[in-house]
>>> print(open('entry36.cif').read())   # mmCIF, C-alpha atoms and all ligand atoms
data_data
#
loop_
_atom_site.label_atom_id
_atom_site.label_comp_id
_atom_site.auth_asym_id
_atom_site.auth_seq_id
_atom_site.Cartn_x
_atom_site.Cartn_y
_atom_site.Cartn_z
CA MET A 1 25.26 -36.22 20.24
CA TYR A 2 24.74 -34.75 23.70
CA GLN A 3 21.15 -34.39 24.84
CA PHE A 4 20.01 -31.85 27.41
CA LYS A 5 16.59 -31.40 28.94
CA HIS A 6 17.53 -28.51 31.19
CA ARG A 7 18.55 -25.02 30.30
CA ALA A 8 21.36 -24.82 32.89
CA ALA A 9 23.19 -27.91 31.56
CA LEU A 10 22.73 -26.74 27.95
CA GLN A 11 24.11 -23.29 28.72
CA GLU A 12 27.08 -24.72 30.60
CA ALA A 13 28.01 -26.98 27.68
CA ILE A 14 27.64 -24.15 25.15
CA ALA A 15 29.59 -21.72 27.32
CA GLN A 16 32.54 -24.15 27.35
CA GLU A 17 32.48 -24.43 23.56
CA LYS A 18 32.28 -20.65 23.18
CA LYS A 19 35.21 -20.22 25.57
CA ALA A 20 37.19 -22.52 23.25
CA GLY A 21 36.36 -20.14 20.38
CA LYS A 22 33.84 -22.44 18.69
CA ARG A 23 31.21 -21.05 16.32
CA ILE A 24 27.69 -22.12 17.34
CA GLY A 25 24.98 -22.88 14.75
CA PHE A 26 21.38 -23.36 15.85
CA VAL A 27 18.39 -25.09 14.23
CA PRO A 28 15.16 -24.70 16.24
CA THR A 29 12.48 -27.29 15.40
CA MET A 30 9.28 -28.82 16.70
CA GLY A 31 10.50 -32.32 15.83
CA ALA A 32 8.77 -34.78 13.47
CA LEU A 33 11.88 -34.22 11.42
CA HIS A 34 12.11 -34.71 7.67
CA GLU A 35 14.75 -34.13 4.98
CA GLY A 36 13.95 -30.39 5.02
CA HIS A 37 15.07 -30.14 8.65
CA ILE A 38 18.09 -32.30 7.91
CA SER A 39 19.12 -29.92 5.13
CA LEU A 40 19.11 -27.14 7.77
CA ILE A 41 21.33 -29.28 9.99
CA ARG A 42 23.68 -30.01 7.07
CA THR A 43 23.97 -26.32 6.22
CA ALA A 44 24.55 -25.52 9.90
CA ARG A 45 27.26 -28.21 9.88
CA GLU A 46 29.05 -26.35 7.05
CA TYR A 47 29.02 -23.01 8.88
CA SER A 48 29.50 -24.06 12.49
CA ASP A 49 31.90 -25.88 14.78
CA ILE A 50 29.04 -26.90 17.07
CA VAL A 51 25.54 -27.62 15.73
CA VAL A 52 22.73 -27.29 18.25
CA CYS A 53 19.19 -28.42 17.46
CA SER A 54 16.13 -27.98 19.67
CA ILE A 55 12.94 -30.02 19.59
CA PHE A 56 10.06 -28.38 21.38
CA VAL A 57 6.41 -28.37 20.35
CA ASN A 58 5.60 -24.87 21.49
CA PRO A 59 2.06 -24.58 22.89
CA THR A 60 1.88 -20.77 22.68
CA GLN A 61 2.14 -20.69 18.89
CA PHE A 62 -0.85 -22.96 18.22
CA ASN A 63 -3.96 -20.87 17.75
CA ASP A 64 -5.92 -24.09 17.19
CA PRO A 65 -5.72 -26.47 20.21
CA LYS A 66 -6.63 -29.45 17.98
CA ASP A 67 -3.62 -28.71 15.77
CA PHE A 68 -1.41 -28.75 18.90
CA GLU A 69 -2.85 -32.04 20.14
CA LYS A 70 -2.36 -33.67 16.74
CA TYR A 71 1.12 -32.34 16.07
CA PRO A 72 3.20 -35.43 15.17
CA ILE A 73 5.79 -36.56 17.73
CA THR A 74 8.55 -38.94 16.58
CA ILE A 75 11.38 -38.33 19.07
CA GLN A 76 13.23 -41.65 18.66
CA GLU A 77 13.37 -41.35 14.85
CA ASP A 78 14.31 -37.67 15.20
CA ILE A 79 17.27 -38.56 17.42
CA LEU A 80 18.52 -41.12 14.88
CA GLN A 81 18.28 -38.62 12.03
CA LEU A 82 19.99 -35.85 14.00
CA THR A 83 22.82 -38.14 15.03
CA ALA A 84 23.33 -39.33 11.44
CA ALA A 85 23.39 -35.72 10.19
CA GLY A 86 26.17 -34.78 12.64
CA THR A 87 24.28 -32.75 15.25
CA ASP A 88 26.43 -32.08 18.33
CA ILE A 89 23.82 -31.03 20.87
CA LEU A 90 20.08 -31.68 21.11
CA PHE A 91 18.01 -29.57 23.47
CA LEU A 92 14.79 -31.37 24.38
CA PRO A 93 13.06 -29.34 27.09
CA ALA A 94 9.71 -29.99 28.74
CA VAL A 95 7.02 -27.31 28.74
CA ALA A 96 7.79 -26.34 32.37
CA GLU A 97 11.45 -25.78 31.46
CA MET A 98 10.56 -23.33 28.69
CA TYR A 99 7.63 -21.74 30.51
CA PRO A 100 8.46 -21.60 34.24
CA GLU A 101 6.07 -18.63 34.33
CA GLY A 102 3.31 -20.94 32.96
CA VAL A 103 2.07 -21.19 29.37
CA ASN A 104 -0.62 -18.65 30.22
CA GLY A 105 1.74 -16.52 32.29
CA ARG A 106 2.99 -13.05 31.41
CA HIS A 107 5.01 -13.01 28.21
CA PRO A 108 6.65 -10.15 26.34
CA HIS A 109 4.70 -8.63 23.46
CA TYR A 110 6.67 -7.99 20.27
CA ASP A 111 5.78 -5.23 17.87
CA PHE A 112 6.02 -7.03 14.55
CA GLY A 113 3.86 -4.33 12.96
CA TYR A 114 2.30 -4.94 9.54
CA LEU A 115 3.95 -8.36 9.22
CA GLU A 116 1.69 -9.75 11.91
CA THR A 117 -1.51 -8.44 10.30
CA VAL A 118 -1.38 -10.23 6.93
CA LEU A 119 -1.56 -13.79 5.60
CA GLU A 120 -0.52 -16.19 8.41
CA GLY A 121 -0.79 -13.32 10.88
CA ALA A 122 -4.41 -12.67 9.87
CA TYR A 123 -5.41 -16.34 9.77
CA ARG A 124 -3.56 -17.46 12.91
CA PRO A 125 -4.11 -14.83 15.61
CA ASN A 126 -1.22 -14.68 18.12
CA HIS A 127 0.72 -17.37 16.27
CA PHE A 128 3.70 -15.10 15.62
CA GLN A 129 3.71 -13.79 19.19
CA GLY A 130 4.05 -17.44 20.30
CA VAL A 131 6.86 -18.01 17.78
CA GLY A 132 8.58 -14.80 18.97
CA ILE A 133 8.32 -15.79 22.64
CA ILE A 134 9.82 -19.23 22.17
CA VAL A 135 12.52 -18.32 19.65
CA HIS A 136 13.60 -15.41 21.86
CA LYS A 137 13.93 -17.78 24.85
CA LEU A 138 15.80 -20.38 22.78
CA LEU A 139 18.18 -17.77 21.38
CA ASP A 140 18.86 -16.51 24.90
CA PHE A 141 19.75 -20.04 25.98
CA VAL A 142 21.82 -21.05 22.95
CA GLN A 143 23.35 -17.67 21.99
CA PRO A 144 24.18 -18.91 18.49
CA ASP A 145 26.38 -17.14 15.96
CA ASP A 146 24.17 -18.48 13.16
CA LEU A 147 20.51 -19.40 13.06
CA PHE A 148 19.09 -21.63 10.31
CA MET A 149 15.45 -21.61 9.25
CA GLY A 150 13.47 -22.92 6.28
CA GLN A 151 12.04 -20.75 3.51
CA LYS A 152 8.85 -22.82 3.57
CA ASP A 153 7.81 -20.68 6.53
CA PHE A 154 8.50 -17.52 4.57
CA GLN A 155 6.59 -15.13 6.83
CA GLN A 156 8.04 -16.76 9.95
CA CYS A 157 11.54 -16.05 8.60
CA MET A 158 10.59 -12.38 8.21
CA ILE A 159 9.21 -12.34 11.76
CA ILE A 160 12.45 -13.83 13.10
CA LYS A 161 14.47 -11.24 11.19
CA LYS A 162 12.37 -8.58 12.90
CA LEU A 163 12.74 -10.34 16.28
CA LEU A 164 16.52 -10.23 15.89
CA GLU A 165 16.27 -6.47 15.20
CA ILE A 166 13.92 -5.85 18.14
CA THR A 167 15.97 -7.87 20.63
CA GLN A 168 19.36 -6.87 19.18
CA ILE A 169 20.41 -10.53 19.37
CA PRO A 170 23.53 -10.71 17.18
CA ALA A 171 22.78 -14.06 15.46
CA LYS A 172 22.95 -14.21 11.67
CA LEU A 173 19.79 -15.65 10.10
CA HIS A 174 20.27 -18.07 7.19
CA ILE A 175 17.14 -18.91 5.18
CA ILE A 176 17.42 -22.30 3.52
CA PRO A 177 15.43 -23.17 0.36
CA THR A 178 12.42 -25.49 0.68
CA LEU A 179 12.97 -29.17 0.00
CA ARG A 180 10.23 -30.88 -2.01
CA GLU A 181 8.97 -34.40 -2.56
CA LYS A 182 9.32 -35.78 -6.13
CA ASN A 183 5.76 -34.60 -6.89
CA GLY A 184 6.61 -31.06 -5.76
CA LEU A 185 4.94 -31.17 -2.32
CA ALA A 186 6.92 -29.01 0.11
CA MET A 187 8.34 -31.14 2.92
CA SER A 188 6.56 -30.47 6.18
CA SER A 189 5.97 -32.30 9.44
CA ARG A 190 2.26 -31.87 8.82
CA ASN A 191 2.52 -34.08 5.70
CA MET A 192 2.73 -37.04 8.12
CA ARG A 193 -0.95 -36.48 8.81
CA LEU A 194 -1.90 -36.87 5.12
CA SER A 195 -2.99 -40.18 3.58
CA ALA A 196 -1.07 -41.45 0.51
CA GLU A 197 -3.88 -40.16 -1.69
CA GLU A 198 -3.90 -36.76 0.02
CA ARG A 199 -0.14 -36.47 -0.48
CA GLN A 200 -0.73 -36.71 -4.22
CA THR A 201 -3.50 -34.11 -4.07
CA ALA A 202 -1.33 -31.86 -1.89
CA ALA A 203 1.12 -31.56 -4.78
CA VAL A 204 -1.49 -29.32 -6.44
CA ILE A 205 -0.28 -26.50 -4.16
CA SER A 206 3.19 -26.42 -5.71
CA GLN A 207 1.68 -26.88 -9.21
CA THR A 208 -0.48 -23.83 -8.52
CA LEU A 209 2.54 -21.82 -7.39
CA ARG A 210 4.37 -22.82 -10.57
CA HIS A 211 1.38 -21.67 -12.68
CA ILE A 212 1.48 -18.33 -10.91
CA LYS A 213 5.21 -18.04 -11.55
CA ALA A 214 4.71 -18.87 -15.24
CA GLY A 215 1.87 -16.36 -15.63
CA VAL A 216 3.19 -13.47 -13.62
CA GLY A 217 4.67 -11.63 -16.62
CA ASP A 218 1.58 -11.61 -18.82
CA THR A 219 -1.59 -12.29 -16.80
CA PRO A 220 -3.16 -9.65 -14.53
CA PHE A 221 -2.67 -10.63 -10.88
CA PRO A 222 -6.39 -10.74 -9.95
CA GLU A 223 -7.04 -13.23 -12.80
CA LEU A 224 -3.96 -15.27 -11.93
CA LEU A 225 -4.99 -15.49 -8.28
CA GLN A 226 -8.62 -16.28 -9.05
CA ASN A 227 -7.55 -19.14 -11.34
CA ALA A 228 -5.14 -20.39 -8.68
CA ARG A 229 -7.84 -20.36 -6.00
CA LYS A 230 -10.23 -22.23 -8.32
CA HIS A 231 -7.57 -24.80 -9.19
CA LEU A 232 -7.03 -25.50 -5.48
CA GLN A 233 -10.73 -25.61 -4.68
CA ASP A 234 -11.40 -27.98 -7.58
CA ALA A 235 -8.74 -30.30 -6.15
CA GLY A 236 -10.59 -30.35 -2.81
CA PHE A 237 -8.76 -27.67 -0.80
CA GLN A 238 -10.36 -25.17 1.49
CA VAL A 239 -8.29 -22.10 0.65
CA ASP A 240 -7.28 -19.56 3.30
CA TYR A 241 -5.30 -17.39 0.91
CA VAL A 242 -3.44 -17.28 -2.38
CA ALA A 243 -1.48 -14.06 -2.68
CA ILE A 244 1.39 -12.37 -4.43
CA ALA A 245 3.45 -10.13 -2.20
CA ALA A 246 6.67 -8.16 -2.22
CA ALA A 247 9.30 -10.56 -0.93
CA ASP A 248 11.09 -7.88 1.10
CA ASP A 249 8.16 -6.66 3.23
CA LEU A 250 5.13 -8.81 2.29
CA GLU A 251 3.19 -5.88 0.85
CA ILE A 252 0.25 -7.55 -0.95
CA LEU A 253 0.48 -6.78 -4.68
CA GLN A 254 -2.28 -6.41 -7.26
CA GLN A 255 0.23 -5.81 -10.06
CA PRO A 256 3.93 -6.41 -10.63
CA ALA A 257 6.24 -4.38 -8.42
CA ILE A 258 8.95 -3.32 -10.83
CA GLY A 259 12.42 -3.91 -9.49
CA ARG A 260 11.23 -5.62 -6.30
CA PRO A 261 11.47 -9.35 -5.59
CA MET A 262 8.06 -11.00 -5.41
CA VAL A 263 6.74 -14.15 -3.77
CA ALA A 264 3.53 -16.15 -4.21
CA LEU A 265 2.12 -17.66 -1.02
CA VAL A 266 -0.61 -20.22 -0.36
CA ALA A 267 -2.33 -21.54 2.75
CA ALA A 268 -5.02 -24.17 2.28
CA LYS A 269 -6.59 -27.03 4.18
CA LEU A 270 -6.86 -30.55 2.87
CA GLY A 271 -9.26 -32.36 5.18
CA GLU A 272 -8.05 -31.43 8.66
CA VAL A 273 -4.49 -30.59 7.66
CA ARG A 274 -3.52 -27.00 6.96
CA LEU A 275 -0.62 -26.65 4.54
CA ILE A 276 1.42 -23.61 3.53
CA ASP A 277 3.88 -23.09 0.71
CA ASN A 278 5.47 -20.27 -1.25
CA MET A 279 7.58 -19.63 -4.33
CA LEU A 280 9.82 -16.71 -5.24
CA LEU A 281 8.68 -15.29 -8.59
O1 LIG B 1 9.15 -23.58 12.45
C1 LIG B 1 9.06 -24.19 13.54
O2 LIG B 1 9.26 -25.40 13.62
C2 LIG B 1 8.67 -23.42 14.78
O3 LIG B 1 7.79 -22.38 14.47
C3 LIG B 1 9.88 -22.90 15.58
C4 LIG B 1 10.68 -21.89 14.79
C5 LIG B 1 10.77 -24.06 15.97
C6 LIG B 1 9.40 -22.21 16.86
O4 LIG B 1 8.66 -23.07 17.66
#
>>> encode(input="entry36.cif", output="C-alpha cells")
Amino acid sequence: MYQFKHRAALQEAIAQEKKAGKRIGFVPTMGALHEGHISLIRTAREYSDIVVCSIFVNPTQFNDPKDFEKYPITIQEDILQLTAAGTDILFLPAVAEMYPEGVNGRHPHYDFGYLETVLEGAYRPNHFQGVGIIVHKLLDFVQPDDLFMGQKDFQQCMIIKKLLEITQIPAKLHIIPTLREKNGLAMSSRNMRLSAEERQTAAVISQTLRHIKAGVGDTPFPELLQNARKHLQDAGFQVDYVAIAAADDLEILQQPAIGRPMVALVAAKLGEVRLIDNMLL
C-alpha cells in the first residue's frame, strides 16, 4: 500500500493510474477503523482497480470541540487493517494540507436545504457544512469513479448525494449496509470510547430500532416513538431524537407514508459518547 501525506504526490499517482484506464474507488474515513470500514474497502475492492482510502479527522465537522479532542486515533492498527484488506493507496494528510486557507478560513457554503435542518443537522449545527467542505476537497484530489460510504451515517449519505449534485462531481455513490456487533450494536469508531458494560447497554439502540420496525404496521407512530424514547431513557441514554422519516428525503413522518420507503433513526448519548443508528423499515 502506498501512503501519501501530500496532495500533489497523491494526485500524480492517481493520474498515472487513470491514464492506464484504471477505475478508482474511494473510501473516505476519519480512521479508528473497524470491520464496518473494512467492509467498505472490500466492496470498493470488488468494483475498482485501485482502492484509495483517506484518514483525516476533520476539525470543521466537529461542532463539539471535546468530541474532536477525544476522537480515537489508531493509525498503526489502521494501516495494518487497510493493507490486509487490499487497499492500494492511503492518503494521510495533515490539517495544513487539507486547510491551507486555515481551519477558520473562508470555505464554500453548500445549500443542502431541508436536509441540513433536521435530525443531525438540527443537533449538530454546521456539522454537514464541515462534512461537505472536506469531502468536496477529497473528491477533487482523488477524482474517484466510485465513492463508498456506510449506511450507519444515513443522513450524511444523503448530504453527500446532494453534494455530488451541487458540485456535478461524476462519482457514483455506493451506500453499504451497517455492520453490527453480535449484540446488534452498530459498528462505530466511537464505540472504542465505551466501557465493556456500556457496549452491552448500547445494544439497546438497535433493539429499540427493531421494536419500531416490528410495530410500524399496527402501532401509531407517536406511541411507537414515545415507547422507544422511554426504553432508551430507562437504559440510561440521554436521547437527542428518535424519529421515523421518509428514506428518500428525510421528511419526518407521524404516520406511515404509503408506497414510500421509511427509516427509523436514533441519536442518543451514553455517558459522554453520542451514538447514532438507523434501520430501514
Ligand atoms: O463518516 C466519516 O468518517 C466522515 O464524516 C467523513 C465522510 C470521512 C468526512 O470527514
>>> axis_aligned_box(input="entry36.cif", around="ligand LIG 1 (chain B)", padding_each_side="6 Å", output="lines of an AutoDock Vina configuration file")
center_x = 9.3
center_y = -23.6
center_z = 15.1
size_x = 15.0
size_y = 15.5
size_z = 17.2
>>> residues_around(input="entry36.cif", residues="A:Thr43", least_positions_apart="5", cutoff="9 Å", atoms="all atoms listed in the file", output="MDAnalysis selection string")
chainID A and resid 38 48 148 176
>>> atom_distance(input="entry36.cif", atom1="atom CA of A:Gly25", atom2="atom CA of A:Phe91")
13.0 Å
>>> residues_around(input="entry36.cif", residues="A:Val52", least_positions_apart="6", cutoff="9 Å", atoms="all atoms listed in the file", output="ChimeraX atom specification")
/A:24-28,41,44,87-91,142,144
>>> residues_around(input="entry36.cif", residues="stretch 101-113 of chain A", least_positions_apart="6", cutoff="9 Å", atoms="all atoms listed in the file", output="MDAnalysis selection string")
chainID A and resid 59:60 95 128:129 132:133 159 162:163 166
>>> residues_around(input="entry36.cif", residues="A:Leu80", least_positions_apart="3", cutoff="12 Å", atoms="all atoms listed in the file", output="list in words")
Met1, Gly31, Ala32, Leu33, His34, Ile38, Thr74, Ile75, Gln76, Glu77, Thr83, Ala84, Ala85, Gly86, Thr87 and Leu90 of chain A
>>> residues_near_ligand(input="entry36.cif", ligand="ligand LIG 1 (chain B)", cutoff="8 Å", atoms="all atoms listed in the file", output="list in words")
Val27, Pro28, Thr29, Met30, Gly31, Ser54, Ile55, Phe56, Val57, Asn58, Gln61, Gly130, Val131, Gly132, Ile134, Val135, Met149, Gly150, Asp153 and Gln156 of chain A
